[in-house]
>>> print(open('data05.cif').read())   # mmCIF, C-alpha atoms and all ligand atoms
data_coords
loop_
_atom_site.label_atom_id
_atom_site.label_comp_id
_atom_site.auth_asym_id
_atom_site.auth_seq_id
_atom_site.Cartn_x
_atom_site.Cartn_y
_atom_site.Cartn_z
CA MET A 22 36.57 27.60 7.40
CA ASN A 23 33.76 28.52 5.01
CA LYS A 24 30.78 26.34 5.74
CA ARG A 25 28.40 26.06 2.81
CA LEU A 26 25.22 26.20 4.89
CA ALA A 27 26.24 28.63 7.62
CA GLY A 28 23.21 30.47 8.98
CA LYS A 29 20.70 28.06 7.40
CA ILE A 30 17.97 26.28 9.33
CA ALA A 31 16.96 22.75 8.35
CA LEU A 32 14.32 20.22 9.29
CA VAL A 33 14.91 16.55 8.46
CA THR A 34 12.08 14.06 9.01
CA GLY A 35 13.17 10.65 10.26
CA GLY A 36 16.64 11.70 11.35
CA SER A 37 17.26 9.29 14.21
CA ARG A 38 18.77 6.49 12.13
CA GLY A 39 19.96 5.55 8.67
CA ILE A 40 19.93 8.01 5.80
CA GLY A 41 18.18 10.76 7.82
CA ALA A 42 20.82 10.65 10.54
CA ALA A 43 23.59 10.91 7.93
CA ILE A 44 21.80 13.84 6.28
CA SER A 45 21.39 15.59 9.64
CA ARG A 46 25.10 15.15 10.43
CA ARG A 47 26.16 16.48 7.01
CA LEU A 48 23.86 19.51 7.17
CA ALA A 49 25.15 20.33 10.66
CA ALA A 50 28.77 19.85 9.56
CA GLU A 51 28.14 22.45 6.84
CA GLY A 52 26.92 24.94 9.45
CA ALA A 53 23.13 24.51 9.35
CA ARG A 54 21.10 24.38 12.54
CA VAL A 55 19.24 21.09 12.30
CA ALA A 56 15.97 19.88 13.76
CA PHE A 57 15.07 16.29 13.00
CA THR A 58 12.13 14.05 13.83
CA TYR A 59 11.80 10.48 14.97
CA VAL A 60 8.91 8.25 16.02
CA ARG A 61 10.30 5.38 18.14
CA SER A 62 14.07 5.77 18.65
CA ALA A 63 14.09 8.45 21.35
CA GLU A 64 17.45 7.35 22.71
CA LYS A 65 19.18 7.34 19.33
CA ALA A 66 17.60 10.66 18.45
CA GLU A 67 18.73 12.36 21.65
CA ALA A 68 22.22 10.85 21.23
CA LEU A 69 22.49 12.27 17.70
CA ALA A 70 21.36 15.74 18.77
CA ALA A 71 23.88 15.62 21.65
CA GLU A 72 26.64 14.49 19.24
CA ILE A 73 25.94 17.40 16.89
CA ASN A 74 25.73 19.90 19.74
CA ALA A 75 28.98 18.57 21.26
CA SER A 76 30.79 19.06 17.95
CA GLY A 77 29.87 22.73 17.77
CA GLY A 78 26.60 22.45 15.84
CA GLU A 79 23.05 23.13 16.93
CA SER A 80 20.43 20.42 16.80
CA ILE A 81 17.17 19.31 18.37
CA ALA A 82 15.32 16.01 18.15
CA ILE A 83 11.53 16.22 17.83
CA ALA A 84 9.19 13.29 18.47
CA ALA A 85 6.72 13.47 15.58
CA ASP A 86 4.97 10.57 13.86
CA SER A 87 4.86 11.29 10.14
CA ALA A 88 1.67 9.23 9.91
CA ASP A 89 -0.07 11.97 11.92
CA PRO A 90 -0.51 15.22 9.93
CA GLN A 91 -0.83 17.34 13.08
CA GLN A 92 2.47 16.03 14.44
CA VAL A 93 4.17 16.81 11.12
CA THR A 94 2.86 20.38 11.17
CA ASN A 95 3.88 20.73 14.81
CA ALA A 96 7.43 19.62 13.94
CA VAL A 97 7.70 22.32 11.28
CA ASN A 98 6.35 24.95 13.67
CA ARG A 99 8.66 23.82 16.48
CA THR A 100 11.67 24.15 14.16
CA VAL A 101 10.63 27.68 13.29
CA THR A 102 10.03 28.74 16.90
CA THR A 103 13.27 27.12 18.14
CA PHE A 104 15.64 28.40 15.47
CA GLY A 105 13.75 31.43 14.15
CA GLY A 106 12.95 30.33 10.58
CA LEU A 107 13.27 27.57 8.01
CA ASP A 108 15.43 27.33 4.90
CA ILE A 109 15.73 23.63 4.11
CA LEU A 110 13.08 20.93 4.48
CA VAL A 111 14.27 17.37 3.95
CA ASN A 112 11.40 14.88 3.73
CA ASN A 113 13.28 11.69 4.53
CA ALA A 114 11.06 9.58 6.81
CA GLY A 115 9.79 6.57 4.92
CA ILE A 116 8.72 3.00 5.45
CA TYR A 117 8.63 -0.24 3.49
CA ILE A 118 6.29 -3.12 4.28
CA GLY A 119 7.52 -6.34 2.69
CA LYS A 120 4.64 -8.66 1.89
CA ALA A 121 3.21 -10.47 -1.09
CA PHE A 122 0.79 -8.16 -2.90
CA GLU A 123 -2.25 -10.28 -2.00
CA ASP A 124 -1.32 -10.17 1.71
CA HIS A 125 -1.25 -6.40 1.99
CA SER A 126 -4.12 -5.04 4.07
CA LEU A 127 -5.81 -1.73 3.48
CA GLU A 128 -4.11 -0.60 6.72
CA ASP A 129 -0.71 -1.32 5.12
CA TYR A 130 -1.74 0.82 2.17
CA GLU A 131 -2.93 3.64 4.46
CA GLN A 132 0.25 3.49 6.56
CA ILE A 133 2.66 3.59 3.60
CA MET A 134 0.78 6.36 1.89
CA ALA A 135 0.46 8.35 5.15
CA VAL A 136 4.20 8.26 5.89
CA ASN A 137 5.75 8.17 2.42
CA VAL A 138 3.37 10.56 0.64
CA ARG A 139 0.86 12.46 2.81
CA ALA A 140 3.49 13.53 5.35
CA VAL A 141 5.63 14.96 2.54
CA TYR A 142 2.69 17.00 1.28
CA VAL A 143 1.73 18.16 4.79
CA ALA A 144 5.29 19.09 5.77
CA ALA A 145 5.78 21.06 2.57
CA GLN A 146 2.51 22.91 3.04
CA ALA A 147 3.40 23.81 6.63
CA ALA A 148 6.95 24.75 5.59
CA VAL A 149 5.86 27.02 2.74
CA LYS A 150 4.37 29.45 5.25
CA HIS A 151 7.84 30.00 6.71
CA ILE A 152 10.45 29.00 4.17
CA SER A 153 12.85 31.72 3.12
CA THR A 154 13.37 33.03 -0.40
CA GLY A 155 15.96 30.72 -1.93
CA GLY A 156 14.82 27.88 0.32
CA ARG A 157 14.97 24.18 -0.49
CA ILE A 158 12.50 21.33 -0.33
CA ILE A 159 14.28 18.01 -0.82
CA THR A 160 12.45 14.70 -0.64
CA ILE A 161 14.02 11.27 -0.37
CA GLY A 162 12.23 9.07 -2.86
CA SER A 163 13.66 5.86 -4.29
CA ASN A 164 15.09 4.53 -7.53
CA MET A 165 12.15 2.14 -7.31
CA ALA A 166 9.96 5.00 -8.55
CA ASP A 167 11.43 4.24 -11.98
CA GLY A 168 12.10 0.52 -11.86
CA SER A 169 10.88 -2.29 -9.66
CA PHE A 170 13.53 -4.95 -9.20
CA GLY A 171 11.31 -7.75 -7.93
CA PRO A 172 8.16 -8.78 -6.12
CA GLN A 173 6.85 -7.19 -2.92
CA THR A 174 7.58 -3.67 -4.07
CA THR A 175 4.21 -2.57 -5.50
CA LEU A 176 3.02 -0.36 -2.64
CA TYR A 177 6.44 1.09 -1.92
CA SER A 178 7.16 1.85 -5.59
CA MET A 179 3.74 3.45 -5.98
CA SER A 180 4.36 5.72 -3.01
CA LYS A 181 7.78 6.77 -4.28
CA SER A 182 6.52 7.45 -7.81
CA ALA A 183 3.95 9.85 -6.35
CA LEU A 184 6.83 11.98 -5.08
CA GLN A 185 7.94 12.69 -8.65
CA GLY A 186 4.63 14.34 -9.54
CA PHE A 187 4.63 16.19 -6.24
CA THR A 188 8.13 17.48 -6.92
CA ARG A 189 7.41 18.69 -10.44
CA GLY A 190 4.20 20.47 -9.45
CA LEU A 191 5.63 22.11 -6.38
CA ALA A 192 8.74 23.28 -8.24
CA ARG A 193 6.40 25.33 -10.45
CA ASP A 194 4.29 26.50 -7.50
CA LEU A 195 7.30 27.77 -5.56
CA GLY A 196 9.52 29.06 -8.35
CA ASN A 197 8.38 32.61 -7.79
CA LYS A 198 9.83 32.42 -4.26
CA LYS A 199 13.10 31.02 -5.66
CA VAL A 200 12.45 27.91 -3.60
CA THR A 201 13.78 24.78 -5.33
CA VAL A 202 12.03 21.43 -5.02
CA ASN A 203 13.74 18.15 -5.85
CA VAL A 204 13.49 14.45 -5.15
CA ILE A 205 16.60 12.37 -4.50
CA GLN A 206 16.12 8.72 -5.50
CA PRO A 207 18.58 6.47 -3.70
CA GLY A 208 19.27 2.90 -4.66
CA PRO A 209 20.44 0.32 -2.12
CA ILE A 210 21.81 2.09 0.95
CA ASP A 211 23.05 0.11 3.95
CA THR A 212 20.57 0.92 6.74
CA ASP A 213 18.14 -0.94 9.02
CA MET A 214 15.61 -0.77 6.16
CA ASN A 215 17.99 -2.44 3.70
CA PRO A 216 20.94 -4.04 5.50
CA ALA A 217 23.92 -4.94 3.31
CA ASN A 218 24.60 -8.24 5.07
CA THR A 219 21.65 -10.39 3.98
CA GLU A 220 20.96 -12.90 1.21
CA LEU A 221 18.73 -10.32 -0.47
CA ALA A 222 21.65 -7.89 -0.36
CA ASP A 223 23.84 -10.48 -2.11
CA PHE A 224 21.27 -10.63 -4.92
CA ILE A 225 20.96 -6.83 -5.02
CA ARG A 226 24.74 -6.51 -5.38
CA THR A 227 24.60 -8.61 -8.55
CA ARG A 228 22.45 -5.82 -10.06
CA LEU A 229 24.86 -3.06 -9.04
CA PRO A 230 27.57 -2.12 -11.58
CA LEU A 231 29.62 -0.90 -8.63
CA SER A 232 28.92 -4.18 -6.77
CA GLU A 233 28.40 -2.44 -3.45
CA TYR A 234 25.76 -0.69 -1.41
CA GLY A 235 25.82 3.05 -0.93
CA THR A 236 25.95 4.80 2.44
CA GLY A 237 23.87 7.45 4.12
CA GLU A 238 26.82 9.79 3.62
CA ASP A 239 26.50 9.40 -0.14
CA ILE A 240 22.94 10.71 0.12
CA GLY A 241 23.91 13.39 2.66
CA GLY A 242 26.49 14.73 0.23
CA LEU A 243 23.88 15.18 -2.50
CA VAL A 244 21.48 16.85 -0.07
CA VAL A 245 24.19 19.34 0.90
CA PHE A 246 24.95 20.04 -2.75
CA LEU A 247 21.28 20.73 -3.55
CA ALA A 248 20.89 22.83 -0.40
CA SER A 249 24.00 24.88 -1.12
CA ASP A 250 24.27 27.80 -3.51
CA GLU A 251 25.74 25.43 -6.12
CA GLY A 252 22.35 23.72 -6.39
CA LYS A 253 20.33 26.84 -7.04
CA PHE A 254 19.49 26.07 -10.71
CA ILE A 255 18.25 22.54 -10.03
CA THR A 256 14.51 22.32 -9.47
CA GLY A 257 11.71 19.94 -10.35
CA ALA A 258 14.29 17.19 -10.79
CA ALA A 259 14.42 13.55 -9.80
CA LEU A 260 18.07 12.79 -9.06
CA THR A 261 18.82 9.09 -8.96
CA ILE A 262 21.82 8.04 -6.88
CA ASP A 263 21.77 4.26 -7.01
CA GLY A 264 25.22 2.93 -7.89
CA GLY A 265 23.88 2.23 -11.37
CA PHE A 266 21.14 -0.15 -10.19
CA ASN A 267 18.62 1.20 -12.72
CA ALA A 268 21.19 1.45 -15.52
N1 LIG W 1 17.94 2.19 2.59
C1 LIG W 1 17.68 2.14 1.28
O1 LIG W 1 18.18 1.28 0.55
C2 LIG W 1 16.78 3.17 0.66
C3 LIG W 1 16.73 3.22 -0.74
C4 LIG W 1 15.92 4.15 -1.36
C5 LIG W 1 15.18 5.02 -0.60
N2 LIG W 1 15.23 4.96 0.77
C6 LIG W 1 14.42 5.93 1.50
O2 LIG W 1 15.26 6.68 2.35
C7 LIG W 1 14.52 7.10 3.49
C8 LIG W 1 15.25 6.67 4.75
O3 LIG W 1 15.40 5.26 4.71
P1 LIG W 1 16.39 4.47 5.68
O4 LIG W 1 16.92 3.35 4.88
O5 LIG W 1 17.30 5.39 6.37
O6 LIG W 1 15.32 3.86 6.70
P2 LIG W 1 15.49 3.36 8.20
O7 LIG W 1 16.86 2.85 8.42
O8 LIG W 1 14.34 2.43 8.43
O9 LIG W 1 15.27 4.69 9.07
C9 LIG W 1 14.03 5.31 8.98
C10 LIG W 1 14.04 6.63 9.70
O10 LIG W 1 12.74 7.22 9.52
C11 LIG W 1 12.09 7.35 10.76
N3 LIG W 1 10.68 7.04 10.65
C12 LIG W 1 10.10 5.89 10.23
N4 LIG W 1 8.77 5.99 10.31
C13 LIG W 1 8.51 7.24 10.80
C14 LIG W 1 7.34 7.94 11.14
N5 LIG W 1 6.13 7.37 11.01
N6 LIG W 1 7.45 9.20 11.62
C15 LIG W 1 8.66 9.78 11.79
N7 LIG W 1 9.82 9.17 11.49
C16 LIG W 1 9.73 7.90 11.01
C17 LIG W 1 12.79 6.40 11.70
O11 LIG W 1 12.59 6.87 13.02
P3 LIG W 1 12.68 5.88 14.31
O12 LIG W 1 14.16 5.59 14.48
O13 LIG W 1 12.11 6.65 15.43
O14 LIG W 1 11.93 4.64 13.96
C18 LIG W 1 14.24 6.51 11.19
O15 LIG W 1 14.86 7.67 11.68
C19 LIG W 1 13.12 6.49 3.34
O16 LIG W 1 12.25 7.42 2.76
C20 LIG W 1 13.37 5.33 2.39
O17 LIG W 1 12.20 4.97 1.70
C21 LIG W 1 16.01 4.06 1.40
#
>>> encode(input="data05.cif", output="structure tokens")
Amino acid sequence: MNKRLAGKIALVTGGSRGIGAAISRRLAAEGARVAFTYVRSAEKAEALAAEINASGGESIAIAADSADPQQVTNAVNRTVTTFGGLDILVNNAGIYIGKAFEDHSLEDYEQIMAVNVRAVYVAAQAAVKHISTGGRIITIGSNMADGSFGPQTTLYSMSKSALQGFTRGLARDLGNKKVTVNVIQPGPIDTDMNPANTELADFIRTRLPLSEYGTGEDIGGLVVFLASDEGKFITGAALTIDGGFNA
């Protein structure tokens, strides 16, 4: 069978659970060798790597805290030394801290910006040294970059909006290498960060034309499309995949 990403090497940050795990599975299913990072869930991470390896893929789990720039750079370098290169960087790791605006500490600000923004910048800069011609840098932002649906989203929305500027600038910086740079902006996706079985989820569903949450697989499918040859003319774009939430 023709796998769309055969021979490609990918790094996914935050791949142990949720959207990142689904992305890692999809990339591996399309033939890519996949390294992914995690920070706390060592068991889940090792189980996912074992699952991919058992199904004929190649995968490693790397402990690397995205809040620490050195660990992010090390994860990129470890991917390159393990698999012999890098073609696809997926910046997925992200956090949300739900608090009233006035209760946010400066540490909350630093933590969100370190993981959601600085790590993306650092990973891309480390990756650029190695990424192949025709490579891909794909960042998981949020539809909340364009529309905030309620309170307690200020910091998170701010961090995700920053990824749009990053994406546009870097698309121009890397065009000469034929490296595309895009941000995928999911809406509500059923994960530990945003479980579909809560009262908040019931409210969120009222805002969804499709009346249901998306899945990590929905996002994984778009990542594969962008990473494949079919996505080669898409760069500098923010692609919202939110079940119509922002419509
Ligand atoms: N779920 C949604 O509705 C939704 C919507 C829009 C955008 N997003 C974005 O999609 C991305 C993934 O979200 P998710 O819903 O899958 O979240 P999740 O269920 O909370 O999973 C987060 C993943 O990121 C990893 N991670 C968290 N902090 C990290 C750090 N400091 N260093 C390295 N890895 C870290 C976690 O690793 P451990 O398992 O080790 O903790 C886990 O693998 C995020 O960028 C999020 O902002 C999510």
>>> closest_residue(input="data05.cif", among="A:Leu127, A:Ile205, A:Ser153, A:Met179", to="Gly242 of chain A", atoms="all atoms listed in the file")
A:Ile205
>>> residues_near_ligand(input="data05.cif", ligand="ligand LIG 1 (chain W)", cutoff="7 Å", atoms="only C-alpha atoms and all ligand atoms", output="NGL selection string")
:A and (34-42 or 58-63 or 85-88 or 113-117 or 136-137 or 161-164 or 206-215)
>>> residues_near_point(input="data05.cif", point="(19.3, 22.3, 7.7)", cutoff="7 Å", atoms="all atoms listed in the file", output="compact mmCIF listing (two decimals) with C-alpha atoms, keeping the file's coordinate frame")
# COMPACT_ATOMS: atom_id res chain seq x y z
CA LYS A 29 20.70 28.06 7.40
CA ILE A 30 17.97 26.28 9.33
CA ALA A 31 16.96 22.75 8.35
CA LEU A 32 14.32 20.22 9.29
CA LEU A 48 23.86 19.51 7.17
CA ALA A 49 25.15 20.33 10.66
CA ALA A 53 23.13 24.51 9.35
CA ARG A 54 21.10 24.38 12.54
CA VAL A 55 19.24 21.09 12.30
CA ASP A 108 15.43 27.33 4.90
CA ILE A 109 15.73 23.63 4.11
>>> atom_distance(input="data05.cif", atom1="atom CA of Ala148 of chain A", atom2="atom CA of Ile133 of chain A")
21.7 Å
>>> closest_residue(input="data05.cif", among="A:Ile118, A:Leu260, A:Ala71, A:Ala147", to="Val97 of chain A", atoms="all atoms listed in the file")
A:Ala147
>>> closest_residue(input="data05.cif", among="A:Val93, A:Val244, A:Val33, A:Leu231", to="Val111 of chain A", atoms="all atoms listed in the file")
A:Val33
>>> closest_residue(input="data05.cif", among="A:Ala56, A:Leu176, A:Ile262, A:Ala84", to="Gln132 of chain A", atoms="only C-alpha atoms")
A:Leu176
>>> build_atoms(input="data05.cif", residues="segment 176-203 of chain A", atoms="N, CA and C atoms", output="PDB file, in the coordinates of the input")
ATOM      1  N   LEU A 176       3.482  -1.504  -3.443  1.00  0.00           N
ATOM      2  CA  LEU A 176       3.020  -0.360  -2.640  1.00  0.00           C
ATOM      3  C   LEU A 176       4.123   0.677  -2.483  1.00  0.00           C
ATOM      4  N   TYR A 177       5.299   0.183  -2.153  1.00  0.00           N
ATOM      5  CA  TYR A 177       6.440   1.090  -1.920  1.00  0.00           C
ATOM      6  C   TYR A 177       6.755   1.875  -3.186  1.00  0.00           C
ATOM      7  N   SER A 178       6.845   1.174  -4.325  1.00  0.00           N
ATOM      8  CA  SER A 178       7.160   1.850  -5.590  1.00  0.00           C
ATOM      9  C   SER A 178       6.093   2.888  -5.931  1.00  0.00           C
ATOM     10  N   MET A 179       4.837   2.506  -5.700  1.00  0.00           N
ATOM     11  CA  MET A 179       3.740   3.450  -5.980  1.00  0.00           C
ATOM     12  C   MET A 179       3.909   4.722  -5.158  1.00  0.00           C
ATOM     13  N   SER A 180       4.231   4.542  -3.881  1.00  0.00           N
ATOM     14  CA  SER A 180       4.360   5.720  -3.010  1.00  0.00           C
ATOM     15  C   SER A 180       5.523   6.600  -3.454  1.00  0.00           C
ATOM     16  N   LYS A 181       6.610   5.982  -3.899  1.00  0.00           N
ATOM     17  CA  LYS A 181       7.780   6.770  -4.280  1.00  0.00           C
ATOM     18  C   LYS A 181       7.587   7.449  -5.647  1.00  0.00           C
ATOM     19  N   SER A 182       6.810   6.802  -6.531  1.00  0.00           N
ATOM     20  CA  SER A 182       6.520   7.450  -7.810  1.00  0.00           C
ATOM     21  C   SER A 182       5.681   8.714  -7.604  1.00  0.00           C
ATOM     22  N   ALA A 183       4.791   8.680  -6.620  1.00  0.00           N
ATOM     23  CA  ALA A 183       3.950   9.850  -6.350  1.00  0.00           C
ATOM     24  C   ALA A 183       4.799  11.081  -6.031  1.00  0.00           C
ATOM     25  N   LEU A 184       5.977  10.854  -5.470  1.00  0.00           N
ATOM     26  CA  LEU A 184       6.830  11.980  -5.080  1.00  0.00           C
ATOM     27  C   LEU A 184       7.389  12.713  -6.297  1.00  0.00           C
ATOM     28  N   GLN A 185       7.452  12.020  -7.433  1.00  0.00           N
ATOM     29  CA  GLN A 185       7.940  12.690  -8.650  1.00  0.00           C
ATOM     30  C   GLN A 185       6.936  13.747  -9.113  1.00  0.00           C
ATOM     31  N   GLY A 186       5.656  13.375  -9.130  1.00  0.00           N
ATOM     32  CA  GLY A 186       4.630  14.340  -9.540  1.00  0.00           C
ATOM     33  C   GLY A 186       4.547  15.496  -8.566  1.00  0.00           C
ATOM     34  N   PHE A 187       4.639  15.165  -7.285  1.00  0.00           N
ATOM     35  CA  PHE A 187       4.630  16.190  -6.240  1.00  0.00           C
ATOM     36  C   PHE A 187       5.777  17.185  -6.469  1.00  0.00           C
ATOM     37  N   THR A 188       6.937  16.644  -6.758  1.00  0.00           N
ATOM     38  CA  THR A 188       8.130  17.480  -6.920  1.00  0.00           C
ATOM     39  C   THR A 188       8.013  18.414  -8.124  1.00  0.00           C
ATOM     40  N   ARG A 189       7.522  17.866  -9.237  1.00  0.00           N
ATOM     41  CA  ARG A 189       7.410  18.690 -10.440  1.00  0.00           C
ATOM     42  C   ARG A 189       6.378  19.812 -10.240  1.00  0.00           C
ATOM     43  N   GLY A 190       5.227  19.452  -9.661  1.00  0.00           N
ATOM     44  CA  GLY A 190       4.200  20.470  -9.450  1.00  0.00           C
ATOM     45  C   GLY A 190       4.660  21.552  -8.500  1.00  0.00           C
ATOM     46  N   LEU A 191       5.254  21.129  -7.403  1.00  0.00           N
ATOM     47  CA  LEU A 191       5.630  22.110  -6.380  1.00  0.00           C
ATOM     48  C   LEU A 191       6.782  23.009  -6.847  1.00  0.00           C
ATOM     49  N   ALA A 192       7.655  22.451  -7.703  1.00  0.00           N
ATOM     50  CA  ALA A 192       8.740  23.280  -8.240  1.00  0.00           C
ATOM     51  C   ALA A 192       8.151  24.467  -8.992  1.00  0.00           C
ATOM     52  N   ARG A 193       7.045  24.225  -9.712  1.00  0.00           N
ATOM     53  CA  ARG A 193       6.400  25.330 -10.450  1.00  0.00           C
ATOM     54  C   ARG A 193       5.654  26.251  -9.485  1.00  0.00           C
ATOM     55  N   ASP A 194       5.023  25.666  -8.453  1.00  0.00           N
ATOM     56  CA  ASP A 194       4.290  26.500  -7.500  1.00  0.00           C
ATOM     57  C   ASP A 194       5.208  27.446  -6.723  1.00  0.00           C
ATOM     58  N   LEU A 195       6.435  26.992  -6.449  1.00  0.00           N
ATOM     59  CA  LEU A 195       7.300  27.770  -5.560  1.00  0.00           C
ATOM     60  C   LEU A 195       8.425  28.512  -6.269  1.00  0.00           C
ATOM     61  N   GLY A 196       8.454  28.392  -7.600  1.00  0.00           N
ATOM     62  CA  GLY A 196       9.520  29.060  -8.350  1.00  0.00           C
ATOM     63  C   GLY A 196       9.568  30.560  -8.121  1.00  0.00           C
ATOM     64  N   ASN A 197       8.389  31.149  -7.960  1.00  0.00           N
ATOM     65  CA  ASN A 197       8.380  32.610  -7.790  1.00  0.00           C
ATOM     66  C   ASN A 197       9.021  33.054  -6.474  1.00  0.00           C
ATOM     67  N   LYS A 198       9.136  32.119  -5.518  1.00  0.00           N
ATOM     68  CA  LYS A 198       9.830  32.420  -4.260  1.00  0.00           C
ATOM     69  C   LYS A 198      11.302  32.010  -4.310  1.00  0.00           C
ATOM     70  N   LYS A 199      11.723  31.537  -5.490  1.00  0.00           N
ATOM     71  CA  LYS A 199      13.100  31.020  -5.660  1.00  0.00           C
ATOM     72  C   LYS A 199      13.371  29.845  -4.725  1.00  0.00           C
ATOM     73  N   VAL A 200      12.293  29.129  -4.393  1.00  0.00           N
ATOM     74  CA  VAL A 200      12.450  27.910  -3.600  1.00  0.00           C
ATOM     75  C   VAL A 200      12.578  26.742  -4.583  1.00  0.00           C
ATOM     76  N   THR A 201      13.634  25.946  -4.452  1.00  0.00           N
ATOM     77  CA  THR A 201      13.780  24.780  -5.330  1.00  0.00           C
ATOM     78  C   THR A 201      13.195  23.543  -4.662  1.00  0.00           C
ATOM     79  N   VAL A 202      12.696  22.641  -5.509  1.00  0.00           N
ATOM     80  CA  VAL A 202      12.030  21.430  -5.020  1.00  0.00           C
ATOM     81  C   VAL A 202      12.554  20.245  -5.827  1.00  0.00           C
ATOM     82  N   ASN A 203      13.159  19.290  -5.147  1.00  0.00           N
ATOM     83  CA  ASN A 203      13.740  18.150  -5.850  1.00  0.00           C
ATOM     84  C   ASN A 203      13.519  16.854  -5.077  1.00  0.00           C
TER      85      ASN A 203
END
